[in-house]
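A.B. asks: The structure file input_31.txt (compact mmCIF, C-alpha atoms) is provided below.
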# COMPACT_ATOMS: atom_id res chain seq x y z
CA MET P 30 -24.18 -26.46 8.79
CA PHE P 31 -21.44 -26.59 6.13
CA PRO P 32 -22.10 -22.99 4.90
CA ALA P 33 -21.78 -21.72 8.49
CA LEU P 34 -18.48 -23.56 8.99
CA PHE P 35 -17.22 -22.34 5.60
CA SER P 36 -18.02 -18.73 6.56
CA SER P 37 -16.23 -19.27 9.86
CA VAL P 38 -13.05 -20.36 8.10
CA GLU P 39 -13.34 -17.37 5.72
CA SER P 40 -13.70 -14.86 8.54
CA GLY P 41 -11.05 -16.74 10.54
CA MET P 42 -8.52 -16.02 7.81
CA ILE P 43 -9.33 -12.28 7.95
CA TYR P 44 -9.20 -12.18 11.76
CA ALA P 45 -5.89 -14.09 11.62
CA ILE P 46 -4.25 -10.87 10.36
CA MET P 47 -5.49 -9.11 13.49
CA ALA P 48 -4.24 -12.02 15.63
CA LEU P 49 -0.76 -11.70 14.07
CA GLY P 50 -0.74 -8.04 15.15
CA VAL P 51 -1.78 -9.02 18.69
CA TYR P 52 0.90 -11.73 18.70
CA LEU P 53 3.54 -9.11 17.87
CA THR P 54 2.58 -6.82 20.75
CA PHE P 55 1.48 -9.41 23.31
CA ARG P 56 4.00 -12.22 22.81
CA ILE P 57 7.02 -10.57 21.16
CA LEU P 58 6.97 -7.21 22.97
CA ASP P 59 5.20 -8.47 26.13
CA PHE P 60 3.02 -5.32 25.95
CA PRO P 61 -0.70 -5.47 26.98
CA ASP P 62 -1.90 -3.19 24.18
CA LEU P 63 -5.57 -2.25 24.50
CA THR P 64 -5.22 0.19 21.58
CA VAL P 65 -6.31 -2.78 19.47
CA ASP P 66 -9.97 -2.28 20.42
CA GLY P 67 -9.81 1.19 18.88
CA SER P 68 -7.41 0.71 15.97
CA PHE P 69 -9.51 -2.19 14.64
CA VAL P 70 -12.48 0.20 14.28
CA THR P 71 -10.21 2.93 12.92
CA GLY P 72 -9.26 0.67 10.02
CA ALA P 73 -12.89 -0.26 9.42
CA SER P 74 -14.27 3.27 9.68
CA LEU P 75 -11.59 4.94 7.56
CA SER P 76 -11.85 2.39 4.76
CA ALA P 77 -15.66 2.57 4.85
CA ILE P 78 -15.85 6.36 4.67
CA MET P 79 -13.28 6.47 1.85
CA ILE P 80 -15.16 3.84 -0.17
CA ILE P 81 -18.42 5.77 0.37
CA ASN P 82 -16.68 8.89 -0.96
CA GLY P 83 -15.54 7.18 -4.14
CA TYR P 84 -11.99 6.13 -3.34
CA SER P 85 -10.64 2.84 -4.62
CA PRO P 86 -11.14 0.03 -2.05
CA LEU P 87 -7.45 -0.80 -2.40
CA ILE P 88 -6.40 2.76 -1.53
CA ALA P 89 -8.94 2.83 1.32
CA THR P 90 -7.48 -0.40 2.73
CA ALA P 91 -3.93 0.95 2.44
CA ALA P 92 -5.02 4.14 4.24
CA ALA P 93 -6.47 2.00 7.04
CA LEU P 94 -3.12 0.25 7.38
CA LEU P 95 -1.33 3.60 7.75
CA ALA P 96 -3.92 4.87 10.26
CA GLY P 97 -3.33 1.82 12.42
CA PHE P 98 0.42 2.38 12.17
CA ALA P 99 -0.07 5.96 13.38
CA ALA P 100 -2.30 4.87 16.28
CA GLY P 101 0.27 2.30 17.43
CA THR P 102 3.04 4.88 17.15
CA ILE P 103 1.18 7.31 19.42
CA THR P 104 0.60 4.56 22.01
CA GLY P 105 4.31 3.74 21.89
CA LEU P 106 5.26 7.40 22.32
CA LEU P 107 2.86 7.79 25.27
CA HIS P 108 4.58 4.88 26.99
CA THR P 109 8.22 5.45 26.04
CA ARG P 110 8.45 9.25 25.90
CA GLY P 111 5.60 10.09 28.28
CA ASN P 112 6.58 7.38 30.80
CA ILE P 113 2.93 6.28 31.07
CA ASN P 114 2.16 2.76 32.25
CA PRO P 115 1.80 0.35 29.26
CA LEU P 116 -1.75 -0.67 30.17
CA LEU P 117 -2.83 2.93 30.74
CA SER P 118 -1.23 4.05 27.45
CA GLY P 119 -3.34 1.54 25.54
CA ILE P 120 -6.51 2.45 27.44
CA LEU P 121 -6.01 6.18 26.83
CA MET P 122 -5.44 5.62 23.12
CA MET P 123 -8.43 3.29 22.90
CA ILE P 124 -10.70 5.92 24.48
CA ALA P 125 -9.32 8.65 22.21
CA LEU P 126 -9.85 6.49 19.14
CA TYR P 127 -13.52 5.96 20.03
CA SER P 128 -14.20 9.68 19.52
CA ILE P 129 -11.86 9.87 16.50
CA ASN P 130 -13.67 6.95 14.86
CA LEU P 131 -17.03 8.66 15.40
CA ARG P 132 -15.58 11.80 13.81
CA ILE P 133 -14.30 9.78 10.84
CA MET P 134 -17.63 8.06 10.19
CA GLY P 135 -19.91 10.96 11.20
CA LYS P 136 -22.34 8.41 12.63
CA SER P 137 -22.19 5.11 14.44
CA ASN P 138 -22.73 2.83 11.42
CA ILE P 139 -21.87 2.95 7.71
CA PRO P 140 -23.40 0.30 5.40
CA LEU P 141 -21.31 -0.90 2.44
CA LEU P 142 -23.72 -3.39 0.90
CA SER P 143 -24.38 -1.25 -2.19
CA GLU P 144 -20.72 -0.22 -2.62
CA ALA P 145 -17.91 -1.80 -4.63
CA THR P 146 -15.47 -3.16 -2.04
CA LEU P 147 -12.27 -5.16 -2.11
CA MET P 148 -14.33 -8.33 -1.59
CA THR P 149 -16.66 -7.66 -4.52
CA SER P 150 -13.64 -6.83 -6.73
CA ILE P 151 -11.98 -10.12 -5.77
CA GLN P 152 -15.16 -12.05 -6.53
CA GLU P 153 -15.54 -10.34 -9.93
CA MET P 154 -11.95 -11.08 -10.98
CA TRP P 155 -12.15 -14.61 -9.58
CA SER P 156 -15.33 -15.43 -11.53
CA LYS P 157 -13.33 -15.10 -14.79
CA THR P 158 -10.90 -17.85 -13.74
CA LYS P 159 -13.53 -20.67 -13.59
CA VAL P 160 -11.75 -22.07 -10.52
CA ASP P 161 -15.02 -22.31 -8.56
CA GLU P 162 -16.58 -24.60 -11.16
CA ALA P 163 -13.51 -26.84 -11.20
CA LEU P 164 -13.36 -27.08 -7.38
CA ASN P 165 -17.08 -27.76 -7.01
CA LYS P 166 -16.99 -30.40 -9.77
CA GLY P 167 -14.12 -32.13 -8.02
CA LEU P 168 -15.92 -32.10 -4.65
CA THR P 169 -19.15 -33.32 -6.25
CA PHE P 170 -17.22 -36.16 -7.93
CA ILE P 171 -15.91 -37.43 -4.57
CA GLY P 172 -19.37 -37.20 -2.98
CA LEU P 173 -19.15 -33.81 -1.22
CA GLY P 174 -21.57 -32.03 -3.52
CA ASP P 175 -24.06 -30.91 -0.86
CA SER P 176 -24.14 -27.24 0.21
CA LEU P 177 -21.09 -26.19 -1.79
CA PRO P 178 -20.11 -22.49 -1.52
CA LYS P 179 -20.89 -20.08 -4.37
CA THR P 180 -17.32 -18.88 -4.50
CA TRP P 181 -13.99 -19.91 -2.98
CA SER P 182 -12.38 -16.60 -3.88
CA ILE P 183 -12.50 -14.89 -0.46
CA LEU P 184 -11.24 -17.97 1.39
CA ILE P 185 -8.32 -18.59 -0.97
CA ILE P 186 -7.26 -14.93 -1.34
CA MET P 187 -7.51 -14.23 2.40
CA PHE P 188 -5.58 -17.43 3.12
CA LEU P 189 -2.82 -16.34 0.73
CA LEU P 190 -2.79 -12.84 2.26
CA ALA P 191 -2.56 -14.19 5.83
CA VAL P 192 0.25 -16.59 4.84
CA LEU P 193 2.09 -13.79 3.01
CA ILE P 194 1.93 -11.56 6.11
CA LYS P 195 3.02 -14.49 8.27
CA ILE P 196 6.08 -15.11 6.04
CA ILE P 197 7.00 -11.40 6.01
CA MET P 198 6.64 -11.20 9.80
CA SER P 199 8.67 -14.38 10.39
CA ASN P 200 11.49 -13.15 8.16
CA PHE P 201 11.37 -9.67 9.72
CA LEU P 202 11.70 -11.10 13.24
CA LYS P 203 14.87 -12.92 12.11
CA THR P 204 16.55 -9.71 10.91
CA GLU P 205 18.79 -7.56 13.11
CA VAL P 206 15.94 -5.19 13.93
CA GLY P 207 13.56 -8.10 14.50
CA LEU P 208 16.00 -9.80 16.88
CA ALA P 209 16.33 -6.51 18.80
CA LEU P 210 12.53 -6.36 18.99
CA ARG P 211 12.37 -9.91 20.38
CA ALA P 212 15.18 -9.20 22.84
CA THR P 213 13.35 -6.08 24.07
CA GLY P 214 10.32 -8.19 24.94
CA ASP P 215 12.39 -10.99 26.51
CA ASN P 216 14.77 -8.95 28.64
CA GLU P 217 14.61 -5.18 28.29
CA ALA P 218 17.22 -4.55 31.01
CA MET P 219 19.80 -6.70 29.22
CA VAL P 220 19.18 -4.96 25.87
CA THR P 221 19.50 -1.56 27.57
CA SER P 222 22.84 -2.64 29.10
CA PHE P 223 24.14 -3.08 25.54
CA SER P 224 23.28 0.58 24.84
CA ALA P 225 20.45 -0.41 22.50
CA ASN P 226 17.40 1.85 22.23
CA THR P 227 14.49 -0.24 23.49
CA LYS P 228 12.11 2.72 23.29
CA ASN P 229 12.34 2.85 19.51
CA MET P 230 11.86 -0.93 19.36
CA LYS P 231 8.65 -0.67 21.40
CA VAL P 232 7.27 2.13 19.24
CA LEU P 233 8.08 0.16 16.07
CA GLY P 234 6.50 -3.03 17.39
CA LEU P 235 3.32 -1.31 18.52
CA ALA P 236 3.05 0.56 15.21
CA ILE P 237 3.37 -2.62 13.11
CA GLY P 238 1.02 -4.56 15.39
CA ASN P 239 -1.73 -1.94 15.19
CA ALA P 240 -1.21 -1.53 11.44
CA LEU P 241 -2.06 -5.22 11.01
CA VAL P 242 -5.05 -4.87 13.33
CA ALA P 243 -6.38 -1.87 11.35
CA LEU P 244 -5.83 -3.77 8.08
CA SER P 245 -7.89 -6.63 9.47
CA GLY P 246 -10.59 -4.15 10.56
CA ALA P 247 -10.78 -2.69 7.04
CA LEU P 248 -11.12 -6.18 5.52
CA VAL P 249 -13.74 -7.25 8.09
CA ALA P 250 -15.84 -4.14 7.34
CA GLN P 251 -15.74 -4.88 3.60
CA TYR P 252 -16.43 -8.58 4.22
CA ASN P 253 -19.42 -7.95 6.54
CA GLY P 254 -20.72 -5.03 4.45
CA PHE P 255 -20.69 -2.40 7.20
CA SER P 256 -18.54 -0.50 9.66
CA ASP P 257 -19.83 -0.03 13.19
CA ILE P 258 -18.46 1.93 16.13
CA GLY P 259 -18.94 -1.09 18.43
CA MET P 260 -17.26 -3.72 16.25
CA GLY P 261 -13.95 -3.40 18.11
CA ILE P 262 -15.29 -4.09 21.61
CA GLY P 263 -13.47 -7.11 23.00
CA ILE P 264 -11.37 -7.60 19.86
CA ILE P 265 -8.22 -7.83 22.03
CA VAL P 266 -9.72 -10.86 23.79
CA ILE P 267 -10.45 -12.52 20.43
CA GLY P 268 -6.85 -11.85 19.37
CA LEU P 269 -5.49 -13.30 22.61
CA ALA P 270 -7.79 -16.32 22.28
CA SER P 271 -6.44 -16.95 18.78
CA VAL P 272 -2.82 -16.70 19.97
CA ILE P 273 -3.32 -18.90 23.03
CA ILE P 274 -5.39 -21.56 21.21
CA GLY P 275 -2.90 -21.65 18.33
CA GLU P 276 0.09 -22.07 20.64
CA ALA P 277 -1.70 -24.75 22.67
CA LEU P 278 -2.72 -26.78 19.61
CA PHE P 279 0.15 -26.26 17.19
CA GLY P 280 3.11 -25.28 19.40
CA SER P 281 5.41 -22.26 19.39
CA SER P 282 8.94 -23.68 19.41
CA THR P 283 10.07 -21.40 16.57
CA ILE P 284 8.92 -18.05 15.21
CA SER P 285 7.75 -19.62 11.94
CA ARG P 286 5.75 -22.24 13.80
CA ALA P 287 4.31 -19.70 16.27
CA THR P 288 3.07 -17.33 13.54
CA LEU P 289 1.54 -20.27 11.66
CA ALA P 290 -0.08 -21.41 14.91
CA VAL P 291 -1.67 -17.96 15.32
CA ILE P 292 -3.39 -18.31 11.92
CA GLY P 293 -4.58 -21.79 12.85
CA GLY P 294 -5.76 -20.54 16.24
CA ALA P 295 -7.85 -17.76 14.64
CA VAL P 296 -9.60 -20.28 12.40
CA VAL P 297 -10.14 -22.79 15.23
CA TYR P 298 -11.57 -20.01 17.41
CA ARG P 299 -14.12 -19.06 14.74
CA LEU P 300 -15.09 -22.71 14.23
CA VAL P 301 -15.55 -23.27 17.98
CA VAL P 302 -17.76 -20.17 18.30
CA THR P 303 -19.87 -21.26 15.31
CA LEU P 304 -20.30 -24.79 16.70
CA ALA P 305 -21.10 -23.41 20.16
CA LEU P 306 -23.84 -21.17 18.73
CA GLN P 307 -25.49 -24.28 17.25
CA VAL P 308 -26.41 -25.27 20.81
CA LYS P 309 -30.08 -24.42 21.26
CA PHE P 310 -29.93 -22.50 24.55
CA LEU P 311 -27.08 -20.23 23.34
CA GLN P 312 -27.81 -16.99 21.45
CA THR P 313 -25.79 -14.62 19.24
CA GLY P 314 -25.39 -12.27 22.20
CA ASP P 315 -23.54 -15.00 24.07
CA VAL P 316 -20.47 -14.70 21.80
CA LYS P 317 -18.51 -12.72 24.41
CA LEU P 318 -19.32 -15.32 27.07
CA ILE P 319 -18.23 -18.12 24.72
CA THR P 320 -15.02 -16.22 23.98
CA ALA P 321 -14.27 -15.84 27.68
CA ILE P 322 -14.88 -19.57 28.28
CA ILE P 323 -12.64 -20.51 25.33
CA VAL P 324 -9.81 -18.30 26.62
CA ILE P 325 -10.18 -19.70 30.16
CA LEU P 326 -10.05 -23.27 28.84
CA ALA P 327 -7.10 -22.46 26.58
CA LEU P 328 -5.22 -21.06 29.59
CA ILE P 329 -6.13 -23.76 32.11
CA VAL P 330 -5.97 -26.97 30.03
CA PRO P 331 -2.25 -26.63 29.03
CA GLN P 332 -1.35 -25.98 32.70
CA PHE P 333 -3.33 -29.05 33.77
CA ARG P 334 -1.62 -31.18 31.10
CA ALA P 335 1.81 -29.83 32.08
CA HIS P 336 1.06 -30.58 35.75
CA ARG P 337 0.06 -34.16 34.92
CA LYS P 338 3.13 -34.57 32.72
CA GLU P 339 5.40 -33.29 35.51
CA LYS P 340 3.68 -35.54 38.04
CA GLY P 341 4.19 -38.56 35.74
CA ARG P 342 7.84 -37.64 35.24
CA LYS P 343 8.42 -37.43 39.01
CA ARG P 344 6.67 -40.79 39.55
CA LYS P 345 8.84 -42.39 36.87
CA ARG P 346 11.99 -40.90 38.40
CA LEU P 347 10.96 -42.17 41.88
CA LYS P 348 10.50 -45.70 40.52
CA GLU P 349 13.94 -45.54 38.88
CA LEU P 350 15.52 -44.43 42.18
CA GLN P 351 13.73 -47.23 44.07
CA LEU P 352 14.95 -49.76 41.48
CA ILE P 353 18.53 -48.48 41.81
CA HIS P 354 18.25 -48.72 45.63
CA LEU P 355 16.95 -52.29 45.47
CA THR P 356 19.68 -53.31 43.02
CA THR P 357 22.35 -51.80 45.25
CA SER P 358 20.92 -53.58 48.31
CA GLU P 359 20.87 -56.90 46.46
CA ARG P 360 24.49 -56.46 45.40
CA GLU P 361 25.53 -55.63 48.97
CA SER P 362 23.69 -58.72 50.23
CA GLU P 363 25.41 -60.91 47.66
CA ALA P 364 28.77 -59.41 48.61
CA ASP P 365 28.12 -60.07 52.32
CA ALA P 366 27.09 -63.65 51.54
CA SER P 367 30.31 -64.28 49.58
CA ILE P 368 32.48 -62.84 52.38
CA LYS P 369 30.96 -64.83 55.34
CA PRO P 370 32.14 -68.37 54.24
CA THR P 371 35.66 -67.05 53.87
CA LEU P 372 35.59 -65.71 57.42
With the file now loaded, output its structure as structure tokens.

C.D. replies:
Amino acid sequence: MFPALFSSVESGMIYAIMALGVYLTFRILDFPDLTVDGSFVTGASLSAIMIINGYSPLIATAAALLAGFAAGTITGLLHTRGNINPLLSGILMMIALYSINLRIMGKSNIPLLSEATLMTSIQEMWSKTKVDEALNKGLTFIGLGDSLPKTWSILIIMFLLAVLIKIIMSNFLKTEVGLALRATGDNEAMVTSFSANTKNMKVLGLAIGNALVALSGALVAQYNGFSDIGMGIGIIVIGLASVIIGEALFGSSTISRATLAVIGGAVVYRLVVTLALQVKFLQTGDVKLITAIIVILALIVPQFRAHRKEKGRKRKRLKELQLIHLTTSERESEADASIKPTL
């Protein structure tokens, strides 16, 4: 059980980068970007084919990042310059990317198990630090020595990468350009009235969001050991689930807190799916169903809690008003009683 949960946290950290990209387009820009389903595979397929052809995994991952940036830019141009509906722009780009990804890979699946990837390089470098031995000794000493992982390298490095991207994104959204991006998503008409160019803001936001999604796709392909044409199906729902769960559990009062919540939401989502699959009557093919149920619960439960909170607040206010009314009546009665003897 522990190895499965450990793997879930590892993959959750990688998918958190994708969720940060979805957060940028969905929450900041208020743009339903379905390009994500295609750009995720674009990052995976491009990095895989470059690694197969002898390129450095680092260069292949950087190329995936740029490919995602280009895909997001095209979606933004379709919407802003072509005046195509936001949803339709994403769908058109997603469909186009399906064929482009097949062209990139040349077939529907590319295995990477025998190739040197970014993950294998991290593990090799990490093994020289002896950190794994120190961590496992410490856990064994406090009685947690059962089923310890072989290496902590992927978890720690991916955690640091996700936090680094979160910090960069948080700081970027506080800059002048970042504030314009946030204002475009909040109230586009108001930003336009100030003669600001919201079209460029949308293109920039979509480009950055899809660049992060493609980066996550490249890392997932190297982590799983393969790139597949179908690995992006429903990835937008997983990203939304991570954002919604994170906001519901950890809050979103500030940008820094919201981006941190997205990372937490991605990890919690992976853990919930892993625990759900431990139920006997559920199978691996039920992951999409589990995802849909998680998203539905994440959307409904906060509304139910808010409704109960509002109902409790109204009841408390009603009691206060009744108490004030009774107090006023008592005072009037006392005043009447004091006046009658005088009369």

A.B. asks: Go ahead and compute the interatomic distance for CA of Pro178 (chain P) and CA of Gln152 (chain P), in Å to one decimal.

C.D. replies: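 Atom-to-atom, CA of Pro178 (chain P) and CA of Gln152 (chain P) are spaced 12.6 Å apart.
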
A.B. asks: Between CA of Leu58 (chain P) and CA of Ala191 (chain P), measure the distance and give it in Å to one decimal.

C.D. replies: 20.8 Å

A.B. asks: Between CA of Ile139 (chain P) and CA of Gly67 (chain P), what is the distance, to one decimal in Å?

C.D. replies: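 Result for CA of Ile139 (chain P) versus CA of Gly67 (chain P): 16.5 Å, one decimal.
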
A.B. asks: What's the 10 Å shell around Ala77 (chain P), counting all atoms listed in the file, without same-chain residues fewer than 6 positions away, as a list in words?

C.D. replies: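 Close residues of Ala77 (chain P): Thr71, Tyr84, Pro86, Ala89, Thr90, Ala93, Ile133, Met134, Asn138, Ile139, Pro140, Leu141, Glu144, Thr146, Ala247, Leu248, Ala250, Gln251, Gly254, Phe255, Ser256 and Asp257 of chain P.
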
A.B. asks: So that I have them on file, write out the residues from the current selection with C-alpha atoms, as a PDB file, keeping the file's coordinate frame.

C.D. replies:
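So the final result, stored in result14.pdb, reads:
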ATOM      1  CA  THR P  71     -10.210   2.930  12.920  1.00  0.00           C
ATOM      2  CA  TYR P  84     -11.990   6.130  -3.340  1.00  0.00           C
ATOM      3  CA  PRO P  86     -11.140   0.030  -2.050  1.00  0.00           C
ATOM      4  CA  ALA P  89      -8.940   2.830   1.320  1.00  0.00           C
ATOM      5  CA  THR P  90      -7.480  -0.400   2.730  1.00  0.00           C
ATOM      6  CA  ALA P  93      -6.470   2.000   7.040  1.00  0.00           C
ATOM      7  CA  ILE P 133     -14.300   9.780  10.840  1.00  0.00           C
ATOM      8  CA  MET P 134     -17.630   8.060  10.190  1.00  0.00           C
ATOM      9  CA  ASN P 138     -22.730   2.830  11.420  1.00  0.00           C
ATOM     10  CA  ILE P 139     -21.870   2.950   7.710  1.00  0.00           C
ATOM     11  CA  PRO P 140     -23.400   0.300   5.400  1.00  0.00           C
ATOM     12  CA  LEU P 141     -21.310  -0.900   2.440  1.00  0.00           C
ATOM     13  CA  GLU P 144     -20.720  -0.220  -2.620  1.00  0.00           C
ATOM     14  CA  THR P 146     -15.470  -3.160  -2.040  1.00  0.00           C
ATOM     15  CA  ALA P 247     -10.780  -2.690   7.040  1.00  0.00           C
ATOM     16  CA  LEU P 248     -11.120  -6.180   5.520  1.00  0.00           C
ATOM     17  CA  ALA P 250     -15.840  -4.140   7.340  1.00  0.00           C
ATOM     18  CA  GLN P 251     -15.740  -4.880   3.600  1.00  0.00           C
ATOM     19  CA  GLY P 254     -20.720  -5.030   4.450  1.00  0.00           C
ATOM     20  CA  PHE P 255     -20.690  -2.400   7.200  1.00  0.00           C
ATOM     21  CA  SER P 256     -18.540  -0.500   9.660  1.00  0.00           C
ATOM     22  CA  ASP P 257     -19.830  -0.030  13.190  1.00  0.00           C
TER      23      ASP P 257
END

A.B. asks: In file coordinates, which residues lie within 8 Å of (-14.2, -22.8, -4.9) using all atoms listed in the file, given as a PDB file with C-alpha atoms, in the coordinates of the input?

C.D. replies:
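Once written, selection-v7.pdb looks like this:
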ATOM      1  CA  VAL P 160     -11.750 -22.070 -10.520  1.00  0.00           C
ATOM      2  CA  ASP P 161     -15.020 -22.310  -8.560  1.00  0.00           C
ATOM      3  CA  GLU P 162     -16.580 -24.600 -11.160  1.00  0.00           C
ATOM      4  CA  ALA P 163     -13.510 -26.840 -11.200  1.00  0.00           C
ATOM      5  CA  LEU P 164     -13.360 -27.080  -7.380  1.00  0.00           C
ATOM      6  CA  ASN P 165     -17.080 -27.760  -7.010  1.00  0.00           C
ATOM      7  CA  PRO P 178     -20.110 -22.490  -1.520  1.00  0.00           C
ATOM      8  CA  LYS P 179     -20.890 -20.080  -4.370  1.00  0.00           C
ATOM      9  CA  THR P 180     -17.320 -18.880  -4.500  1.00  0.00           C
ATOM     10  CA  TRP P 181     -13.990 -19.910  -2.980  1.00  0.00           C
ATOM     11  CA  SER P 182     -12.380 -16.600  -3.880  1.00  0.00           C
TER      12      SER P 182
END

A.B. asks: Report as a list of chain:residue names all protein, DNA and RNA residues lying within 12 Å of Ile284 (chain P), evaluated on only C-alpha atoms, omitting residues in the same chain fewer than 5 positions from it.

C.D. replies: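 That gives P:Leu49, P:Tyr52, P:Leu53, P:Arg56, P:Ile57, P:Lys195, P:Ile196, P:Ile197, P:Met198, P:Ser199, P:Asn200, P:Phe201, P:Leu202, P:Lys203, P:Gly207, P:Leu208, P:Arg211, P:Glu276, P:Leu289, P:Ala290, P:Val291.
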
A.B. asks: Show me, as AutoDock Vina command-line options, the centre and edge lengths in Å to one decimal of the axis-aligned box that covers every listed atom of region 50-57 of chain P with 8 Å on each side.

C.D. replies:
--center_x 2.6 --center_y -9.5 --center_z 19.2 --size_x 24.8 --size_y 21.4 --size_z 24.2

A.B. asks: Go through P:Ser37, P:Val70, P:Ala100, P:Gly167 one by one, measure the shortest atom-to-atom distance of each to Leu306 (chain P) using all atoms listed in the file, and give the residue with the smallest value.

C.D. replies: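 The shortest atom-to-atom distance to Leu306 (chain P) comes from P:Ser37.
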
A.B. asks: Compile the contact shell of Ser271 (chain P) as a PDB file with C-alpha atoms, in the coordinates of the input: residues with an atom at most 10 Å away, counting all atoms listed in the file, same-chain residues fewer than 3 positions apart removed.

C.D. replies:
ATOM      1  CA  GLY P  41     -11.050 -16.740  10.540  1.00  0.00           C
ATOM      2  CA  TYR P  44      -9.200 -12.180  11.760  1.00  0.00           C
ATOM      3  CA  ALA P  45      -5.890 -14.090  11.620  1.00  0.00           C
ATOM      4  CA  MET P  47      -5.490  -9.110  13.490  1.00  0.00           C
ATOM      5  CA  ALA P  48      -4.240 -12.020  15.630  1.00  0.00           C
ATOM      6  CA  LEU P  49      -0.760 -11.700  14.070  1.00  0.00           C
ATOM      7  CA  VAL P  51      -1.780  -9.020  18.690  1.00  0.00           C
ATOM      8  CA  TYR P  52       0.900 -11.730  18.700  1.00  0.00           C
ATOM      9  CA  ILE P 265      -8.220  -7.830  22.030  1.00  0.00           C
ATOM     10  CA  VAL P 266      -9.720 -10.860  23.790  1.00  0.00           C
ATOM     11  CA  ILE P 267     -10.450 -12.520  20.430  1.00  0.00           C
ATOM     12  CA  GLY P 268      -6.850 -11.850  19.370  1.00  0.00           C
ATOM     13  CA  ILE P 274      -5.390 -21.560  21.210  1.00  0.00           C
ATOM     14  CA  GLY P 275      -2.900 -21.650  18.330  1.00  0.00           C
ATOM     15  CA  GLU P 276       0.090 -22.070  20.640  1.00  0.00           C
ATOM     16  CA  ALA P 277      -1.700 -24.750  22.670  1.00  0.00           C
ATOM     17  CA  ALA P 290      -0.080 -21.410  14.910  1.00  0.00           C
ATOM     18  CA  VAL P 291      -1.670 -17.960  15.320  1.00  0.00           C
ATOM     19  CA  ILE P 292      -3.390 -18.310  11.920  1.00  0.00           C
ATOM     20  CA  GLY P 293      -4.580 -21.790  12.850  1.00  0.00           C
ATOM     21  CA  GLY P 294      -5.760 -20.540  16.240  1.00  0.00           C
ATOM     22  CA  ALA P 295      -7.850 -17.760  14.640  1.00  0.00           C
ATOM     23  CA  VAL P 296      -9.600 -20.280  12.400  1.00  0.00           C
ATOM     24  CA  VAL P 297     -10.140 -22.790  15.230  1.00  0.00           C
ATOM     25  CA  TYR P 298     -11.570 -20.010  17.410  1.00  0.00           C
ATOM     26  CA  ARG P 299     -14.120 -19.060  14.740  1.00  0.00           C
ATOM     27  CA  ILE P 323     -12.640 -20.510  25.330  1.00  0.00           C
ATOM     28  CA  VAL P 324      -9.810 -18.300  26.620  1.00  0.00           C
ATOM     29  CA  ALA P 327      -7.100 -22.460  26.580  1.00  0.00           C
TER      30      ALA P 327
END

A.B. asks: Measuring between only C-alpha atoms, which one of P:Asn112, P:Ser285, P:Asn253, P:Ser128 shows the shortest distance to Ser36 (chain P)?

C.D. replies: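 The closest residue to Ser36 (chain P) is P:Asn253.
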
A.B. asks: Give the answer as one residue: which of P:Val38, P:Leu95, P:Leu117, P:Ile46 has the shortest atom-to-atom distance to Val301 (chain P), using all atoms listed in the file?

C.D. replies: P:Val38

A.B. asks: Please determine the residues with any atom at most 12 Å from (4.5, -8.2, 24.6) (coordinates as given in the file, with all atoms listed in the file counting) and report them as a PDB file with C-alpha atoms, in the coordinates of the input.

C.D. replies:
ATOM      1  CA  GLY P  50      -0.740  -8.040  15.150  1.00  0.00           C
ATOM      2  CA  VAL P  51      -1.780  -9.020  18.690  1.00  0.00           C
ATOM      3  CA  TYR P  52       0.900 -11.730  18.700  1.00  0.00           C
ATOM      4  CA  LEU P  53       3.540  -9.110  17.870  1.00  0.00           C
ATOM      5  CA  THR P  54       2.580  -6.820  20.750  1.00  0.00           C
ATOM      6  CA  PHE P  55       1.480  -9.410  23.310  1.00  0.00           C
ATOM      7  CA  ARG P  56       4.000 -12.220  22.810  1.00  0.00           C
ATOM      8  CA  ILE P  57       7.020 -10.570  21.160  1.00  0.00           C
ATOM      9  CA  LEU P  58       6.970  -7.210  22.970  1.00  0.00           C
ATOM     10  CA  ASP P  59       5.200  -8.470  26.130  1.00  0.00           C
ATOM     11  CA  PHE P  60       3.020  -5.320  25.950  1.00  0.00           C
ATOM     12  CA  PRO P  61      -0.700  -5.470  26.980  1.00  0.00           C
ATOM     13  CA  ASP P  62      -1.900  -3.190  24.180  1.00  0.00           C
ATOM     14  CA  LEU P  63      -5.570  -2.250  24.500  1.00  0.00           C
ATOM     15  CA  PRO P 115       1.800   0.350  29.260  1.00  0.00           C
ATOM     16  CA  LEU P 116      -1.750  -0.670  30.170  1.00  0.00           C
ATOM     17  CA  LEU P 210      12.530  -6.360  18.990  1.00  0.00           C
ATOM     18  CA  ARG P 211      12.370  -9.910  20.380  1.00  0.00           C
ATOM     19  CA  ALA P 212      15.180  -9.200  22.840  1.00  0.00           C
ATOM     20  CA  THR P 213      13.350  -6.080  24.070  1.00  0.00           C
ATOM     21  CA  GLY P 214      10.320  -8.190  24.940  1.00  0.00           C
ATOM     22  CA  ASP P 215      12.390 -10.990  26.510  1.00  0.00           C
ATOM     23  CA  ASN P 216      14.770  -8.950  28.640  1.00  0.00           C
ATOM     24  CA  GLU P 217      14.610  -5.180  28.290  1.00  0.00           C
ATOM     25  CA  MET P 230      11.860  -0.930  19.360  1.00  0.00           C
ATOM     26  CA  LYS P 231       8.650  -0.670  21.400  1.00  0.00           C
ATOM     27  CA  VAL P 232       7.270   2.130  19.240  1.00  0.00           C
ATOM     28  CA  GLY P 234       6.500  -3.030  17.390  1.00  0.00           C
ATOM     29  CA  LEU P 235       3.320  -1.310  18.520  1.00  0.00           C
ATOM     30  CA  GLY P 238       1.020  -4.560  15.390  1.00  0.00           C
ATOM     31  CA  LEU P 269      -5.490 -13.300  22.610  1.00  0.00           C
TER      32      LEU P 269
END

A.B. asks: What's around Ile103 (chain P) at 10 Å? Count all atoms listed in the file, leave out sequence neighbours fewer than 5 positions away in its own chain, and write the answer as a ChimeraX atom specification.

C.D. replies: /P:64,97-98,108-110,118-119,122,232,235-236
